[in-house]
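A short worksheet on the structure shown next.
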Amino acid sequence: MQLVEPSEFYLASYTAALKTGWSPGSEALRHSELQKIASDPEDFLRLKANNRKAEGAPITLPDGSIVERLPGLTRWLWDDEFSGSINLRWPRKGCEMPSQVRGHVGYVIVPWKRKRGYATDALRQLLPIARAEGLLYLDFVIEASNAPSKKVVERNGAFPKEYFQKQYTDDRSLECILYRLEL
């Protein structure tokens, strides 16, 4: 498995994964990605691959507040077909993430490729990219009950830094752990 920059070569496989019902996040995000691909695949790929200037519309949070988009980039996991994605984002200044997005990294593996070590390997491959962006550390927010994600970050050298309750707009609350990985 290798990390690849989203490009036209890989787009058909990514789109096929979306059409199976897989999503890199919510169902709304899946539909949004398919719409963006259909309307302007070049712009979709450009902003997905390297959005270091944080181009694009501001982000509307679940509570309705609007925040600036963060700089970031995405890499796709590839093993002769699309297998997942990993995202790196960072604040405009410094390394400390804003309160609404506490983690620098997000990753997701398609269900039919899980339990192969892909997330662990993808994070390992992402670390030199994060260093090249000037980051000194990476933070990860993981639900306390998510044992597989805890293993992924721990195998790459991250350690628990803070335990907290993550509040949702529908009054749900989940116990989470903020992990830190020093670069």
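Identifiers in the structure tokens: chain A, B, ... in order shown; residue index from 1 per chain; ligand index from 1 in order shown.
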- Message: Among region 6-171 of chain A, which ones does DSSP assign to alpha helix (DSSP H) (computed from the backbone)? Answer as an NGL selection string.
- Response: :A and (8-19 or 27-39 or 41-49 or 118-132 or 147-155)
Per residue of region 38-132 of chain A within 9 Å of region 156-165 of chain A, what are the shortest atom pair and its distance in Å to one decimal, counting only C-alpha atoms, with rows by chain and residue number, as a tab-separated table?
```
residue	atom	partner	partner_atom	distance
A:Thr120	CA	A:Asn156	CA	7.1
A:Asp121	CA	A:Asn156	CA	8.7
A:Leu123	CA	A:Asn156	CA	7.3
A:Arg124	CA	A:Asn156	CA	6.3
```
Keeping N, CA, C and O atoms for every residue in the selection just given, could you write it to a file as a short mmCIF file (atom, residue, chain, number, x, y, z; two decimals), in the first residue's frame?
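Now in again-v4.cif:
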```cif
data_model
loop_
_atom_site.label_atom_id
_atom_site.label_comp_id
_atom_site.auth_asym_id
_atom_site.auth_seq_id
_atom_site.Cartn_x
_atom_site.Cartn_y
_atom_site.Cartn_z
N THR A 120 -2.14 2.25 9.94
CA THR A 120 -0.84 2.39 10.61
C THR A 120 0.23 2.78 9.60
O THR A 120 1.04 3.69 9.83
N ASP A 121 0.26 2.11 8.48
CA ASP A 121 1.26 2.38 7.44
C ASP A 121 1.03 3.76 6.82
O ASP A 121 1.99 4.49 6.55
N LEU A 123 -0.27 6.42 8.23
CA LEU A 123 0.20 7.44 9.16
C LEU A 123 1.73 7.50 9.16
O LEU A 123 2.32 8.58 9.14
N ARG A 124 2.39 6.36 9.14
CA ARG A 124 3.85 6.32 9.08
C ARG A 124 4.35 7.08 7.85
O ARG A 124 5.30 7.85 7.92
#
```
- Message: So that I can check the surroundings of Asn50 (chain A), please list as a ChimeraX atom specification every protein, DNA and RNA residue that reaches within 10 Å of it, counting only C-alpha atoms and ignoring chain neighbours fewer than 3 positions away.
- Response: /A:5-6,45-47,53-55,71-75,88
Output N, CA, C and O atoms for every residue in the selection just made, as an mmCIF file, in the first residue's frame.
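Saved to selection.cif:
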```cif
data_model
loop_
_atom_site.group_PDB
_atom_site.id
_atom_site.type_symbol
_atom_site.label_atom_id
_atom_site.label_comp_id
_atom_site.auth_asym_id
_atom_site.auth_seq_id
_atom_site.Cartn_x
_atom_site.Cartn_y
_atom_site.Cartn_z
ATOM 1 N N GLU A 5 -1.051 11.084 -4.200
ATOM 2 C CA GLU A 5 -1.746 12.357 -4.295
ATOM 3 C C GLU A 5 -2.985 12.161 -5.161
ATOM 4 O O GLU A 5 -2.890 11.570 -6.244
ATOM 5 N N PRO A 6 -4.155 12.608 -4.695
ATOM 6 C CA PRO A 6 -5.341 12.475 -5.536
ATOM 7 C C PRO A 6 -5.090 13.069 -6.924
ATOM 8 O O PRO A 6 -4.603 14.188 -7.054
ATOM 9 N N LEU A 45 -9.982 17.651 -7.470
ATOM 10 C CA LEU A 45 -8.674 17.034 -7.246
ATOM 11 C C LEU A 45 -7.642 18.047 -6.755
ATOM 12 O O LEU A 45 -6.850 17.756 -5.860
ATOM 13 N N ARG A 46 -7.662 19.247 -7.312
ATOM 14 C CA ARG A 46 -6.709 20.290 -6.915
ATOM 15 C C ARG A 46 -6.867 20.628 -5.436
ATOM 16 O O ARG A 46 -5.891 20.649 -4.684
ATOM 17 N N LEU A 47 -8.104 20.852 -5.006
ATOM 18 C CA LEU A 47 -8.335 21.220 -3.612
ATOM 19 C C LEU A 47 -8.163 20.039 -2.663
ATOM 20 O O LEU A 47 -7.763 20.207 -1.517
ATOM 21 N N LYS A 53 -3.345 26.723 0.842
ATOM 22 C CA LYS A 53 -3.816 28.102 0.986
ATOM 23 C C LYS A 53 -5.223 28.167 1.570
ATOM 24 O O LYS A 53 -5.800 29.239 1.673
ATOM 25 N N ALA A 54 -5.789 27.021 1.938
ATOM 26 C CA ALA A 54 -7.127 26.950 2.547
ATOM 27 C C ALA A 54 -8.182 27.587 1.655
ATOM 28 O O ALA A 54 -9.040 28.332 2.113
ATOM 29 N N GLU A 55 -8.104 27.285 0.356
ATOM 30 C CA GLU A 55 -9.097 27.799 -0.580
ATOM 31 C C GLU A 55 -10.437 27.098 -0.372
ATOM 32 O O GLU A 55 -10.488 25.975 0.101
ATOM 33 N N PRO A 71 -5.686 25.190 6.235
ATOM 34 C CA PRO A 71 -4.812 24.618 5.211
ATOM 35 C C PRO A 71 -4.699 23.111 5.424
ATOM 36 O O PRO A 71 -4.800 22.625 6.561
ATOM 37 N N GLY A 72 -4.504 22.382 4.350
ATOM 38 C CA GLY A 72 -4.365 20.945 4.502
ATOM 39 C C GLY A 72 -4.110 20.234 3.196
ATOM 40 O O GLY A 72 -4.007 20.849 2.132
ATOM 41 N N LEU A 73 -4.031 18.926 3.298
ATOM 42 C CA LEU A 73 -3.846 18.089 2.123
ATOM 43 C C LEU A 73 -4.423 16.706 2.409
ATOM 44 O O LEU A 73 -4.627 16.323 3.558
ATOM 45 N N THR A 74 -4.685 15.997 1.347
ATOM 46 C CA THR A 74 -5.208 14.630 1.441
ATOM 47 C C THR A 74 -4.330 13.713 0.610
ATOM 48 O O THR A 74 -3.857 14.093 -0.459
ATOM 49 N N ARG A 75 -4.132 12.528 1.115
ATOM 50 C CA ARG A 75 -3.486 11.474 0.348
ATOM 51 C C ARG A 75 -4.412 10.269 0.365
ATOM 52 O O ARG A 75 -5.083 10.000 1.360
ATOM 53 N N LEU A 88 -4.258 15.645 6.397
ATOM 54 C CA LEU A 88 -3.419 16.429 7.297
ATOM 55 C C LEU A 88 -3.898 17.867 7.209
ATOM 56 O O LEU A 88 -4.089 18.405 6.115
#
```
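Across the structure, CA of Leu178 (chain A) and CA of Ser32 (chain A) are spaced 28.7 Å apart.
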- Task: Compile the contact shell of region 143-149 of chain A as a list in words: residues with an atom at most 9 Å away, counting only C-alpha atoms, same-chain residues fewer than 5 positions apart removed.
- Result: Lys115, Ala119, Thr120, Glu154, Tyr163, Lys166, Leu174, Glu175, Cys176, Ile177 and Leu178 of chain A
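Compared by their closest atoms to Glu33 (chain A), and using only C-alpha atoms, the residues A:Ser7, A:Ser65, A:Thr20, A:Thr15 rank with A:Thr15 nearest.
Excluding His31 (chain A) itself and any same-chain residue fewer than 4 positions from it, the protein and nucleic acid residues within 10 Å of it, counting only C-alpha atoms, are Leu18, Lys19, Gly21, Ser23, Ser26, Glu27, Gln35, Lys36 and Ile37 of chain A.
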- Which distance in Å separates CA of Arg180 (chain A) and CA of Ile129 (chain A), to one decimal? 16.6 Å
- Message: Based on the backbone DSSP call, show me all residues of chain A assigned strand (DSSP E or B), as a PyMOL selection string.
- Response: chain A and resi 2-4+50-51+59-60+66-67+72-78+82-89+105-109+137-143+159-167+173-182
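If only C-alpha atoms are the atoms counted, then among A:Leu29, A:Trp112, A:Val153, A:Tyr168 the closest residue to Phe82 (chain A) is A:Trp112.
Proximity to Gln100 (chain A) was assessed for A:Ala122, A:Leu127, A:Ala132, A:Val141 counting only C-alpha atoms; the smallest distance is recorded for A:Val141.
One distance worth recording is that between CA of Pro98 (chain A) and CA of Leu70 (chain A), which is 9.4 Å.
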- Message: Neighbouring residues of Ile59 (chain A) were defined as those with any atom within 8 Å, considering only C-alpha atoms; residues of the same chain fewer than 3 positions away were excluded. Please report them as a PyMOL selection string.
- Response: chain A and resi 66-69
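Each of A:Gly106, A:Ala130, A:Val101, A:Leu135 was compared to Leu61 (chain A) using only C-alpha atoms, and A:Val101 turns out to be the nearest.
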